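Engineer: The file below is entry.txt, compact mmCIF, C-alpha atoms:
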```txt
# COMPACT_ATOMS: atom_id res chain seq x y z
CA MET A 752 -34.45 82.07 -150.79
CA LEU A 753 -32.06 81.98 -153.74
CA PRO A 754 -29.55 84.82 -153.50
CA THR A 755 -29.77 87.31 -156.34
CA VAL A 756 -26.82 89.55 -156.83
CA SER A 757 -24.79 90.78 -159.75
CA LYS A 758 -22.20 88.47 -161.17
CA THR A 759 -19.47 91.05 -160.53
CA ARG A 760 -16.87 90.39 -157.89
CA SER A 761 -17.77 91.79 -154.50
CA THR A 762 -15.62 92.27 -151.44
CA PRO A 763 -17.59 91.40 -148.34
CA SER A 764 -15.90 89.58 -145.55
CA THR A 765 -16.13 85.84 -145.30
CA SER A 766 -19.08 84.27 -143.53
CA ARG A 767 -19.07 82.84 -140.05
CA PRO A 768 -21.23 79.70 -140.13
CA ASN A 769 -20.05 78.52 -136.72
CA SER A 770 -21.79 81.42 -134.98
CA MET A 771 -24.83 81.26 -137.25
CA PHE A 772 -25.74 77.57 -136.94
CA PRO A 773 -26.52 77.49 -133.16
CA GLN A 774 -28.80 80.50 -133.56
CA TYR A 775 -30.50 78.78 -136.51
CA LEU A 776 -31.17 75.68 -134.40
CA ARG A 777 -32.53 77.73 -131.48
CA ARG A 778 -35.04 79.46 -133.75
CA ILE A 779 -36.52 76.14 -134.89
CA VAL A 780 -38.64 75.94 -131.72
CA LYS A 781 -39.64 79.62 -131.79
CA TRP A 782 -42.61 79.96 -134.11
CA GLN A 783 -43.04 83.65 -133.32
CA GLN A 784 -39.67 84.39 -134.91
CA MET A 785 -40.45 82.57 -138.16
CA ASP A 786 -41.72 84.35 -141.25
CA ILE A 787 -44.43 81.87 -142.23
CA GLU A 788 -46.09 84.04 -144.87
CA TYR A 789 -42.87 84.67 -146.75
CA THR A 790 -41.98 80.97 -146.57
CA PHE A 791 -45.23 80.01 -148.31
CA TRP A 792 -44.57 82.73 -150.90
CA GLN A 793 -41.22 81.10 -151.63
CA MET A 794 -42.74 77.62 -151.83
CA LEU A 795 -45.40 78.78 -154.28
CA HIS A 796 -42.94 80.45 -156.61
CA LEU A 797 -40.45 77.59 -156.45
CA CYS A 798 -43.18 75.44 -157.99
CA THR A 799 -44.60 77.92 -160.49
CA ALA A 800 -41.80 80.36 -161.37
CA PRO A 801 -38.51 79.54 -159.64
CA LYS A 802 -36.63 82.42 -161.26
CA VAL A 803 -39.05 84.84 -159.63
CA VAL A 804 -37.54 83.89 -156.29
CA SER A 805 -34.17 84.83 -157.73
CA ILE A 806 -34.60 87.80 -160.02
CA VAL A 807 -38.11 89.23 -160.30
CA HIS A 808 -38.76 92.43 -158.36
CA MET A 809 -41.60 91.91 -155.92
CA ASN A 810 -43.20 94.50 -153.69
CA TYR A 811 -42.85 92.24 -150.70
CA HIS A 812 -41.26 92.84 -147.30
CA GLY A 813 -40.55 96.44 -148.20
CA GLY A 814 -38.81 95.71 -151.50
CA CYS A 815 -37.96 92.85 -153.78
CA SER A 816 -36.26 89.53 -153.42
CA TYR A 817 -33.05 90.96 -154.93
CA GLN A 818 -32.89 93.80 -152.46
CA HIS A 819 -33.87 91.57 -149.55
CA THR A 820 -31.11 89.06 -150.25
CA LYS A 821 -28.48 91.70 -150.92
CA TYR A 822 -29.48 93.47 -147.71
CA HIS A 823 -29.31 90.17 -145.84
CA LYS A 824 -25.78 89.53 -147.09
CA GLN A 825 -24.58 93.04 -146.34
CA THR A 826 -26.05 93.25 -142.84
CA LYS A 827 -25.70 89.68 -141.57
CA ASN A 828 -22.66 88.67 -143.62
CA GLN A 829 -24.13 85.39 -144.82
CA TRP A 830 -25.84 84.03 -147.91
CA ALA A 831 -27.90 81.45 -146.05
CA ARG A 832 -31.25 82.40 -144.55
CA ASP A 833 -31.28 82.50 -140.77
CA ASP A 834 -35.01 81.68 -140.62
CA PRO A 835 -35.65 77.90 -140.25
CA ALA A 836 -39.32 78.29 -141.23
CA PHE A 837 -38.78 76.67 -144.63
CA VAL A 838 -37.25 73.53 -143.11
CA VAL A 839 -39.90 73.31 -140.38
CA ILE A 840 -42.88 73.77 -142.71
CA CYS A 841 -41.45 71.42 -145.33
CA SER A 842 -40.92 68.76 -142.64
CA LEU A 843 -44.49 69.17 -141.39
CA LEU A 844 -45.94 68.92 -144.90
CA LEU A 845 -43.82 65.86 -145.58
CA ALA A 846 -45.06 64.24 -142.36
CA VAL A 847 -48.69 64.96 -143.27
CA ALA A 848 -48.23 63.51 -146.77
CA THR A 849 -46.57 60.39 -145.36
CA ILE A 850 -49.39 59.93 -142.86
CA ALA A 851 -51.85 60.10 -145.77
CA TYR A 852 -49.96 57.29 -147.52
CA CYS A 853 -49.96 55.24 -144.32
CA ALA A 854 -53.69 55.77 -143.89
CA ALA A 855 -54.31 54.50 -147.41
CA TYR A 856 -51.81 51.64 -147.62
CA ASP A 857 -50.81 50.60 -144.10
CA HIS A 858 -52.69 48.66 -141.42
CA SER A 859 -50.18 48.88 -138.57
CA THR A 860 -49.89 52.03 -136.46
CA ALA A 861 -46.39 51.08 -135.32
CA HIS A 862 -45.27 50.57 -138.89
CA ALA A 863 -46.85 53.86 -139.91
CA VAL A 864 -44.84 55.69 -137.23
CA PHE A 865 -41.71 53.98 -138.51
CA VAL A 866 -42.49 55.06 -142.08
CA VAL A 867 -43.08 58.68 -141.09
CA ILE A 868 -39.84 58.88 -139.12
CA SER A 869 -37.80 57.13 -141.80
CA VAL A 870 -39.16 59.40 -144.55
CA LEU A 871 -38.41 62.55 -142.55
CA LEU A 872 -34.94 61.40 -141.55
CA PHE A 873 -33.72 59.64 -144.68
CA HIS A 874 -35.69 61.12 -147.58
CA PHE A 875 -35.35 64.73 -146.46
CA LEU A 876 -32.89 65.47 -143.66
CA LEU A 877 -30.05 62.94 -143.93
CA THR A 878 -30.17 62.86 -147.73
CA GLY A 879 -30.23 66.64 -147.69
CA VAL A 880 -27.24 66.79 -145.36
CA PHE A 881 -25.31 64.42 -147.62
CA LEU A 882 -26.17 66.24 -150.87
CA ALA A 883 -25.58 69.67 -149.33
CA THR A 884 -22.19 68.54 -148.05
CA CYS A 885 -21.22 67.21 -151.48
CA CYS A 886 -22.29 70.44 -153.21
CA TRP A 887 -20.65 72.56 -150.54
CA PHE A 888 -17.36 70.72 -151.03
CA LEU A 889 -17.52 70.76 -154.85
CA THR A 890 -18.34 74.46 -155.10
CA ASN A 891 -15.65 75.56 -152.67
CA ALA A 892 -13.00 73.20 -154.00
CA TYR A 893 -13.54 73.45 -157.76
CA LEU A 894 -16.09 76.08 -158.81
CA ARG A 895 -14.95 79.28 -157.12
CA GLU A 896 -13.42 82.00 -159.27
CA GLU A 897 -9.85 82.92 -158.54
CA ALA A 898 -9.46 86.26 -156.79
CA PRO A 899 -8.27 88.86 -159.35
CA ASN A 900 -5.97 90.46 -156.80
CA SER A 901 -4.91 90.18 -153.18
CA HIS A 902 -7.21 93.03 -152.12
CA VAL A 903 -10.38 91.05 -152.82
CA VAL A 904 -11.64 89.09 -149.84
CA GLU A 905 -12.15 85.45 -150.72
CA GLN A 906 -15.74 84.21 -150.52
CA ARG A 907 -16.89 80.67 -149.87
CA VAL A 908 -20.22 78.85 -150.08
CA GLU A 909 -21.64 78.35 -146.61
CA TRP A 910 -22.75 74.84 -145.72
CA LEU A 911 -26.08 76.15 -144.46
CA TYR A 912 -26.60 77.89 -147.81
CA ALA A 913 -25.99 74.58 -149.59
CA PHE A 914 -28.64 73.01 -147.36
CA ASP A 915 -30.99 75.90 -148.19
CA VAL A 916 -30.52 75.16 -151.88
CA HIS A 917 -31.36 71.51 -151.27
CA CYS A 918 -34.52 72.45 -149.37
CA ASN A 919 -35.59 74.82 -152.15
CA SER A 920 -34.98 72.11 -154.74
CA PHE A 921 -36.68 69.42 -152.67
CA PHE A 922 -40.01 71.18 -152.22
CA PRO A 923 -41.29 71.01 -155.84
CA MET A 924 -40.10 67.41 -155.96
CA PHE A 925 -42.11 66.78 -152.79
CA VAL A 926 -45.20 68.24 -154.46
CA MET A 927 -44.79 65.94 -157.46
CA LEU A 928 -43.65 62.71 -155.79
CA TYR A 929 -45.63 62.91 -152.54
CA VAL A 930 -48.74 65.00 -153.23
CA ILE A 931 -49.55 64.52 -156.92
CA HIS A 932 -48.24 60.97 -156.79
CA TYR A 933 -50.56 60.19 -153.88
CA PHE A 934 -53.69 61.04 -155.86
CA VAL A 935 -52.64 59.11 -158.97
CA SER A 936 -50.92 56.23 -157.15
CA PRO A 937 -53.77 53.74 -157.81
CA LEU A 938 -53.05 54.18 -161.52
CA LEU A 939 -49.25 54.30 -161.23
CA VAL A 940 -48.87 51.12 -159.19
CA ALA A 941 -51.00 49.07 -161.58
CA HIS A 942 -49.43 46.55 -163.92
CA GLY A 943 -48.92 47.41 -167.55
CA PHE A 944 -46.92 49.65 -169.86
CA ILE A 945 -48.98 52.84 -169.35
CA PRO A 946 -48.48 52.91 -165.54
CA GLU A 947 -44.76 52.25 -166.03
CA LEU A 948 -44.51 55.04 -168.59
CA LEU A 949 -46.41 57.60 -166.49
CA SER A 950 -44.54 56.70 -163.32
CA ASN A 951 -41.14 57.05 -164.98
CA LEU A 952 -42.14 60.35 -166.57
CA LEU A 953 -43.29 61.75 -163.24
CA PHE A 954 -40.08 60.73 -161.51
CA MET A 955 -38.00 62.02 -164.44
CA VAL A 956 -39.63 65.45 -164.32
CA ALA A 957 -39.35 65.65 -160.53
CA ALA A 958 -35.68 64.67 -160.45
CA SER A 959 -34.81 66.96 -163.36
CA TYR A 960 -36.59 69.89 -161.73
CA TYR A 961 -34.67 69.24 -158.52
CA HIS A 962 -31.35 69.52 -160.33
CA TYR A 963 -32.49 72.59 -162.26
CA LEU A 964 -33.32 74.41 -159.03
CA ASN A 965 -30.03 73.20 -157.58
CA PHE A 966 -28.30 74.84 -160.55
CA LEU A 967 -30.20 78.11 -160.02
CA GLY A 968 -29.21 78.18 -156.37
CA TYR A 969 -25.50 78.15 -157.13
CA ASP A 970 -25.58 80.04 -160.42
CA VAL A 971 -26.67 83.26 -158.72
CA LEU A 972 -23.62 83.37 -156.45
CA PRO A 973 -21.24 85.96 -157.94
CA PHE A 974 -18.04 84.15 -157.01
CA LEU A 975 -18.83 80.78 -158.62
CA GLU A 976 -18.12 79.72 -162.19
CA ARG A 977 -18.94 76.65 -164.33
CA THR A 978 -22.16 76.14 -162.37
CA THR A 979 -23.68 74.38 -165.39
CA PHE A 980 -22.02 71.34 -163.82
CA PHE A 981 -25.19 71.02 -161.72
CA LEU A 982 -27.26 70.51 -164.89
CA TYR A 983 -25.33 67.42 -165.98
CA PRO A 984 -27.44 65.00 -163.88
CA ILE A 985 -30.48 66.02 -165.95
CA GLY A 986 -28.80 64.55 -169.03
CA VAL A 987 -28.17 61.31 -167.17
CA ILE A 988 -31.81 61.18 -166.06
CA ILE A 989 -33.07 61.74 -169.60
CA VAL A 990 -30.84 58.94 -170.91
CA LEU A 991 -31.76 56.49 -168.15
CA SER A 992 -35.53 57.05 -168.25
CA PRO A 993 -36.18 55.32 -171.62
CA ILE A 994 -33.98 52.43 -170.53
CA LEU A 995 -35.98 52.00 -167.33
CA ILE A 996 -39.26 52.24 -169.22
CA LEU A 997 -38.23 49.61 -171.77
CA SER A 998 -36.94 47.34 -169.01
CA GLY A 999 -40.36 47.39 -167.33
CA PHE A 1000 -39.20 49.17 -164.17
CA ASN A 1001 -41.95 51.01 -162.31
CA PRO A 1002 -40.50 53.42 -159.69
CA SER A 1003 -43.91 53.88 -158.06
CA ARG A 1004 -44.33 50.17 -157.44
CA TYR A 1005 -40.72 49.92 -156.28
CA PHE A 1006 -40.97 52.61 -153.61
CA MET A 1007 -44.49 51.70 -152.53
CA ASN A 1008 -43.44 48.06 -152.11
CA MET A 1009 -40.47 49.22 -150.09
CA TYR A 1010 -42.81 50.60 -147.41
CA PHE A 1011 -46.19 48.97 -148.01
CA SER A 1012 -45.40 45.57 -149.51
CA GLN A 1013 -48.39 43.95 -147.81
CA ARG A 1014 -50.83 46.12 -149.81
CA ILE A 1015 -49.23 46.67 -153.23
```
Could I get this structure in the form of structure tokens?

Structural biologist:
Amino acid sequence: MLPTVSKTRSTPSTSRPNSMFPQYLRRIVKWQQMDIEYTFWQMLHLCTAPKVVSIVHMNYHGGCSYQHTKYHKQTKNQWARDDPAFVVICSLLLAVATIAYCAAYDHSTAHAVFVVISVLLFHFLLTGVFLATCCWFLTNAYLREEAPNSHVVEQRVEWLYAFDVHCNSFFPMFVMLYVIHYFVSPLLVAHGFIPELLSNLLFMVAASYYHYLNFLGYDVLPFLERTTFFLYPIGVIIVLSPILILSGFNPSRYFMNMYFSQRI
């Protein structure tokens, strides 16, 4: 979830991602240790009210999201969640959505398997690793506040937390560009100005929402400053969208042709 603590400087010890990551990987294959219900609660509110995940008090898991995150940081000394349920469920939903596309637009079983694997690896995991690494580096190198005195323990953004933020930001984009897009794809891949307009608008909203959630994920950390930097890509998207529309570019046709050129 998105951490929710006061913006005042705190003095916890630094995190230890090296000891956390192996445990995180081991829990991926242990369904009984995953909090499935809470994961779906997060996914719902990321789509409908993302700030609720960050700041709204909820009578859930014996308290609210603020208290749960603060307790998690104080007891486990990490901002990142140690439950891989979000990544596992998001991957499964992405696989199901991709299979639905293959069933509608692909004739070859072998090619369908290739599409599912490539979408999981490149669209979600590898792209997420790359973006999380970039954000992790930028936040630690340029966006951390300077310690006011030598008695304050320096805090850093954990790489796994950066990946959590990507996963949170990716899920609503998945809903828009994989689920909603699937049902309206016959309209969006058609020729003409209206399909181009609607397709570009859908992609613009999805990409902008991704970057907005990315901003929220880092803005709540108390030791970061100038986090509005993560909102700048939204301005670029808004500027580029009319240009793409006027140029006749249809992102739906482009990506569908990339995988299903024999049918589109």

Engineer: Just how far from CA of Tyr961 (chain A) is CA of Leu995 (chain A), in Å to one decimal?

Structural biologist: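 Pair CA of Leu995 (chain A) / CA of Tyr961 (chain A) returns 19.4 Å.
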
Engineer: So that I can see what lies close to Leu948 (chain A), please list as a tab-separated table (two decimals) with C-alpha atoms, in the frame of the given file the residues with an atom at most 12 Å from it, counting only C-alpha atoms and leaving out residues fewer than 6 positions away in the same chain.

Structural biologist:
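Below is the file around-v2.tsv, written as the result:
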```
chain	number	residue	atom	x	y	z
A	938	LEU	CA	-53.05	54.18	-161.52
A	939	LEU	CA	-49.25	54.30	-161.23
A	940	VAL	CA	-48.87	51.12	-159.19
A	941	ALA	CA	-51.00	49.07	-161.58
A	942	HIS	CA	-49.43	46.55	-163.92
A	954	PHE	CA	-40.08	60.73	-161.51
A	955	MET	CA	-38.00	62.02	-164.44
A	992	SER	CA	-35.53	57.05	-168.25
A	993	PRO	CA	-36.18	55.32	-171.62
A	994	ILE	CA	-33.98	52.43	-170.53
A	995	LEU	CA	-35.98	52.00	-167.33
A	996	ILE	CA	-39.26	52.24	-169.22
A	997	LEU	CA	-38.23	49.61	-171.77
A	998	SER	CA	-36.94	47.34	-169.01
A	999	GLY	CA	-40.36	47.39	-167.33
A	1000	PHE	CA	-39.20	49.17	-164.17
A	1001	ASN	CA	-41.95	51.01	-162.31
A	1002	PRO	CA	-40.50	53.42	-159.69
A	1003	SER	CA	-43.91	53.88	-158.06
```

Engineer: Rounded to one decimal place, report the CA of Tyr912 (chain A)-CA of Ala831 (chain A) distance in Å.

Structural biologist: 4.2 Å

Engineer: Looking at all atoms listed in the file, which of A:Leu894, A:Val866, A:Ile787, A:Cys918 is the one that sits closest to Tyr852 (chain A)?

Structural biologist: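 Smallest distance to Tyr852 (chain A) is found for A:Val866.
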
Engineer: Which value, in Å to one decimal, gives the distance between CA of Pro973 (chain A) and CA of Gln793 (chain A)?

Structural biologist: 21.5 Å

Engineer: Give me the residues near region 867-871 of chain A as an mmCIF file with C-alpha atoms, in the coordinates of the input, where near means some atom within 7 Å (using all atoms listed in the file) and where sequence neighbours in that chain fewer than 2 positions away do not count.

Structural biologist:
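Below you can see result-v5.cif, which holds the result:
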```
data_model
loop_
_atom_site.group_PDB
_atom_site.id
_atom_site.type_symbol
_atom_site.label_atom_id
_atom_site.label_comp_id
_atom_site.auth_asym_id
_atom_site.auth_seq_id
_atom_site.Cartn_x
_atom_site.Cartn_y
_atom_site.Cartn_z
ATOM 1 C CA SER A 842 -40.920 68.760 -142.640
ATOM 2 C CA ALA A 846 -45.060 64.240 -142.360
ATOM 3 C CA THR A 849 -46.570 60.390 -145.360
ATOM 4 C CA ILE A 850 -49.390 59.930 -142.860
ATOM 5 C CA ALA A 863 -46.850 53.860 -139.910
ATOM 6 C CA VAL A 864 -44.840 55.690 -137.230
ATOM 7 C CA PHE A 865 -41.710 53.980 -138.510
ATOM 8 C CA PHE A 873 -33.720 59.640 -144.680
ATOM 9 C CA HIS A 874 -35.690 61.120 -147.580
ATOM 10 C CA PHE A 875 -35.350 64.730 -146.460
ATOM 11 C CA LEU A 876 -32.890 65.470 -143.660
#
```

Engineer: Which one is closest to Phe791 (chain A): A:Thr860, A:Val956, A:Asn919, A:Thr884? Count all atoms listed in the file.

Structural biologist: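 Of A:Thr860, A:Val956, A:Asn919, A:Thr884, the one nearest Phe791 (chain A), counting all atoms listed in the file, is A:Asn919.
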
Engineer: Find the residue from A:His962, A:His932, A:Arg907, A:His862 that sits nearest to Gly986 (chain A); use all atoms listed in the file when measuring.

Structural biologist: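 Of A:His962, A:His932, A:Arg907, A:His862, the one nearest Gly986 (chain A) is A:His962, counting all atoms listed in the file.
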
Engineer: Residues near Ala892 (chain A), anyone? I mean within 12 Å using all atoms listed in the file, not counting same-chain ones fewer than 6 positions away, as an mmCIF file with C-alpha atoms, in the coordinates of the input.

Structural biologist:
```cif
data_model
loop_
_atom_site.group_PDB
_atom_site.id
_atom_site.type_symbol
_atom_site.label_atom_id
_atom_site.label_comp_id
_atom_site.auth_asym_id
_atom_site.auth_seq_id
_atom_site.Cartn_x
_atom_site.Cartn_y
_atom_site.Cartn_z
ATOM 1 C CA THR A 884 -22.190 68.540 -148.050
ATOM 2 C CA CYS A 885 -21.220 67.210 -151.480
ATOM 3 C CA CYS A 886 -22.290 70.440 -153.210
ATOM 4 C CA GLN A 906 -15.740 84.210 -150.520
ATOM 5 C CA ARG A 907 -16.890 80.670 -149.870
ATOM 6 C CA VAL A 908 -20.220 78.850 -150.080
ATOM 7 C CA LEU A 975 -18.830 80.780 -158.620
ATOM 8 C CA GLU A 976 -18.120 79.720 -162.190
#
```

Engineer: From the options A:Leu872, A:Ile988, A:Leu982, A:Leu967, which residue's atoms come nearest to Leu952 (chain A), counting all atoms listed in the file?

Structural biologist: A:Ile988

Engineer: Between A:Val916, A:Leu964, A:Ala958, A:Val926, single out the one closest to Leu991 (chain A), counting all atoms listed in the file.

Structural biologist: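 Looking at the shortest contact to Leu991 (chain A), the residue is A:Ala958.
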
Engineer: Applying 8 Å and all atoms listed in the file, which residues near Met924 (chain A) remain after dropping the ones on its own chain fewer than 4 positions away? List them as an NGL selection string.

Structural biologist: :A and (920 or 928-929 or 957-958 or 960-961)
